[in-house]
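Notes to accompany the following structure.
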Amino acid sequence: KDAIGRGVDVKVVYHARSKNPAKDKTREKNEAAIKAAGLEAVVTPRKENPQTAIMHDKFVVWLQKQGSGDPKPVAVWTGSTNWTDGGVYGQLNVGHAIYEDDVAATYESLFDALRQDLDASDQKKHLAALTPVSLMLPGEHKIIPIFSPQDSDTMLHLYAGLADNAKMLLVSAPFALSPVILAVLAKKRDDVLRFMLLDKMGSLGKGEEVHMIQGDPSDSIAVATTISSPLHDFQGKILEGKEGFHHAGIHIHSKIIMVDPFGSDPVIITGSANFSRNSTEENDSNSLVIRGYTSVADIYATEFMRMFEHYHFRAKHEAAQGSTKASDKPLGLVEDDSWSDKYFVSGSTEEKDRRMFAGTM
């Protein structure tokens with residue numbers, strides 16, 4: 001509303017499907033907010049079939065006027081962050097700004113399709129032409145948008161193939177991962193190091209794969225673990241009372257796969273799309289595949305490990321409460337350098353950890 005008052009041309013597409021009207025009040029909330037802000041003239045509802053799909057895009061395209069010509073797209077902001085109190089204050093989320101004209105123009109085309117409120121069949125045909133997906137990435141370093149819904153799960157096989165060839169893999173997943181990706185994570189690989197940041201252990205499925213992943217010393221898993229505190233109570237109220245029913249109680253909401261983040265050819269997959277069949281073939285969603293941007297990979301990996309260690313420590317702290325085993329209480333600091341000895345034991349997982357983070361493997 002403020003931007004319109006400054007003379008900015010604003011257009012908005014909003015979620016207006018009613019998958020379960022008795023439970024999902026998203027449309028009602030959106031339309032009440034639109035009316036309260038006086039934005040009826042600039043909004044377009046997205047309500048086409050199938051009603052079971054979720055409006056899962058969250059992005060903004062910035063167009064700027066060049067001289068006397070028409071405004072041209074110059075940047076886009078996208079990511080996993082819902083524009084809610086819970087999305088901003090209650091969850092781990094990511095927002096990514098890209099100042100590249102071609103990427104912004106591709107997102108503008110997606111926005112135009114959403115404004116047309118195409119049905120699923122027409123939308124899939126449009127997106128297949130706009131952001132075609134293959135099992136291999138282009139060789140050059142670039143940013144590649146991928147939009148959903150699609151007619152097939154090719155994008156999941158692309159991600160699985162990237163993960164299968166990784167020496168180091170960082171995965172953040174709030175919901176159940178596709179069996180296509182789980183099959184790769186379940187492979188025992190002595191030469192690989194994998195870190196998984198999950199909202200719940202259920203993200204790894206319920207079959208044999210979850211036991212194999214948990215039992216592999218190459219895999220380190222951190223699950224959102226809360227510790228009673230005033231901050232926890234504040235966060236819990238936000239997630240329970242103000243977030244949509246799909247996301248109530250969710251703490252880890254970022255959807256990220258990082259392949260070899262400390263190498264010369266890192267790949268980052270990030271965006272609004274979950275790594276699932278529904279997200280790929282049913283929902284409106286978008287992802288970025290970012291190849292070769294080492295400075296971006298450094299930022300993502302640093303933030304990922306900050307949160308991974310945060311939740312990993314909480315899980316250990318929780319496990320140690322009430323335990324009588326000394327091995328369950330590894331929470332004190334060692335005052336000499338003996339803590340580092342295990343990282344120099346040849347062939348150990350800790351040695352591999354040290355070398356991966358030092359970029360020497």
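Order determines the names: the first chain of the structure tokens is A, the second B, and so forth; residues in each chain are numbered 1 upward, and ligands are numbered 1 upward as they are shown.
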Residue contacts of stretch 204-219 of chain A (6 Å, only C-alpha atoms) excluding same-chain residues fewer than 3 positions away, as a list in words
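Within the cut-off, the hits are Ala186, Leu193, Arg194, Phe195 and Met201 of chain A.
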For those residues, write N, CA, C and O atoms to a file as a PDB file, in the first residue's frame.
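For reference, part_8.pdb as written:
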```pdb
ATOM      1  N   ALA A 186      20.615 -43.564   1.528  1.00  0.00           N
ATOM      2  CA  ALA A 186      20.748 -44.858   2.201  1.00  0.00           C
ATOM      3  C   ALA A 186      21.975 -45.642   1.734  1.00  0.00           C
ATOM      4  O   ALA A 186      22.319 -46.664   2.327  1.00  0.00           O
ATOM      5  N   LEU A 193      30.732 -37.539   3.227  1.00  0.00           N
ATOM      6  CA  LEU A 193      30.293 -36.980   4.500  1.00  0.00           C
ATOM      7  C   LEU A 193      28.968 -36.278   4.259  1.00  0.00           C
ATOM      8  O   LEU A 193      28.846 -35.443   3.359  1.00  0.00           O
ATOM      9  N   ARG A 194      27.931 -36.660   5.050  1.00  0.00           N
ATOM     10  CA  ARG A 194      26.597 -36.095   4.855  1.00  0.00           C
ATOM     11  C   ARG A 194      26.063 -35.543   6.176  1.00  0.00           C
ATOM     12  O   ARG A 194      26.146 -36.200   7.211  1.00  0.00           O
ATOM     13  N   PHE A 195      25.499 -34.332   6.109  1.00  0.00           N
ATOM     14  CA  PHE A 195      24.867 -33.686   7.258  1.00  0.00           C
ATOM     15  C   PHE A 195      23.416 -33.417   6.906  1.00  0.00           C
ATOM     16  O   PHE A 195      23.128 -32.848   5.846  1.00  0.00           O
ATOM     17  N   MET A 201      12.430 -36.696  12.493  1.00  0.00           N
ATOM     18  CA  MET A 201      13.082 -37.861  11.928  1.00  0.00           C
ATOM     19  C   MET A 201      12.248 -38.473  10.808  1.00  0.00           C
ATOM     20  O   MET A 201      12.766 -39.156   9.926  1.00  0.00           O
TER      21      MET A 201
END
```
Who sits within 10 Å of A:Ser340, only C-alpha atoms, same chain under 6 positions skipped, as a PDB file with C-alpha atoms, in the first residue's frame:
```
ATOM      1  CA  VAL A 334      38.014 -29.709  27.549  1.00  0.00           C
ATOM      2  CA  GLU A 350      36.504 -37.306  12.352  1.00  0.00           C
ATOM      3  CA  GLU A 351      39.580 -37.121  10.117  1.00  0.00           C
ATOM      4  CA  ARG A 354      38.400 -32.194   9.328  1.00  0.00           C
TER       5      ARG A 354
END
```
Taking 5 positions as the minimum chain separation for residues in the same chain, which residues sit within 6 Å of A:Gly271 when counting only C-alpha atoms? Answer as a ChimeraX atom specification.
/A:79-80,286-288
For A:Leu198, which of A:His312, A:Val296, A:Lys25, A:Gly95 is the closest residue, counting only C-alpha atoms?
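For A:Leu198, the nearest of the given residues is A:His312.
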Return the single residue from A:Asp337, A:Asp265, A:Asp199, A:Glu281 that is closest to A:His251, with distances computed using only C-alpha atoms.
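That would be A:Asp199, the residue with the smallest distance to A:His251.
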Between A:Val180, A:Ala36, A:Val61, A:Ala53, which one has atoms that come closest to A:Val13, using only C-alpha atoms?
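For A:Val13, the nearest of the given residues is A:Val61.
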Please produce, as a tab-separated table, a per-residue contact table for stretch 265-312 of chain A versus stretch 140-164 of chain A (criterion: any atom at most 12 Å away, only C-alpha atoms considered), showing the nearest atom pair and its distance in Å to one decimal, sorted by chain then residue number.
```
residue	atom	partner	partner_atom	distance
A:Asp265	CA	A:His141	CA	7.9
A:Pro266	CA	A:His141	CA	9.3
A:Val267	CA	A:Leu162	CA	8.3
A:Ile268	CA	A:Ile143	CA	9.4
A:Ile269	CA	A:Tyr159	CA	8.2
A:Thr270	CA	A:Pro145	CA	9.8
A:Gly271	CA	A:Pro145	CA	9.3
A:Ser272	CA	A:Phe147	CA	9.8
A:Ala273	CA	A:Ser148	CA	7.9
A:Asn274	CA	A:Leu156	CA	10.1
A:Phe275	CA	A:Leu156	CA	6.9
A:Ser276	CA	A:Leu156	CA	7.6
A:Arg277	CA	A:Asp153	CA	6.6
A:Asn278	CA	A:Pro149	CA	8.6
A:Ser279	CA	A:Ser148	CA	7.2
A:Thr280	CA	A:Pro149	CA	5.4
A:Glu281	CA	A:Pro149	CA	4.5
A:Glu282	CA	A:Pro149	CA	5.2
A:Asn283	CA	A:Pro149	CA	5.5
A:Asp284	CA	A:Ser148	CA	5.3
A:Ser285	CA	A:Ser148	CA	5.0
A:Asn286	CA	A:Phe147	CA	4.4
A:Ser287	CA	A:Ile146	CA	5.1
A:Leu288	CA	A:Pro145	CA	4.5
A:Val289	CA	A:Ile144	CA	5.0
A:Ile290	CA	A:Ile143	CA	4.5
A:Arg291	CA	A:His141	CA	5.0
A:Gly292	CA	A:His141	CA	4.7
A:Tyr293	CA	A:His141	CA	7.2
A:Thr294	CA	A:His141	CA	10.1
A:Val296	CA	A:Ile143	CA	11.4
```
A:Lys72 proximity check over A:Ala297, A:Leu118, A:Ala173, A:Ala105, using only C-alpha atoms: winner is A:Ala105
Taking the DSSP assignment computed from this structure's backbone, write out as a list in words all residues of stretch 267-356 of chain A that belong to strand (DSSP E).
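Everything in stretch 267-356 of chain A that counts as strand (DSSP E) is Val267, Ile268, Ile269, Thr270, Gly271, Ser285, Asn286, Ser287, Leu288, Val289, Ile290 and Arg291 of chain A.
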Quick one, how far is atom CA of A:Met356 from atom CA of A:Pro261?
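Straight-line distance from atom CA of A:Met356 to atom CA of A:Pro261 works out to 9.6 Å.
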Name the closest residue to A:Glu318 among the candidates A:Ile227, A:Glu303, A:His232, A:Arg355; distances are taken between atoms, counting only C-alpha atoms.
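Smallest separation from A:Glu318 among the options: A:Ile227.
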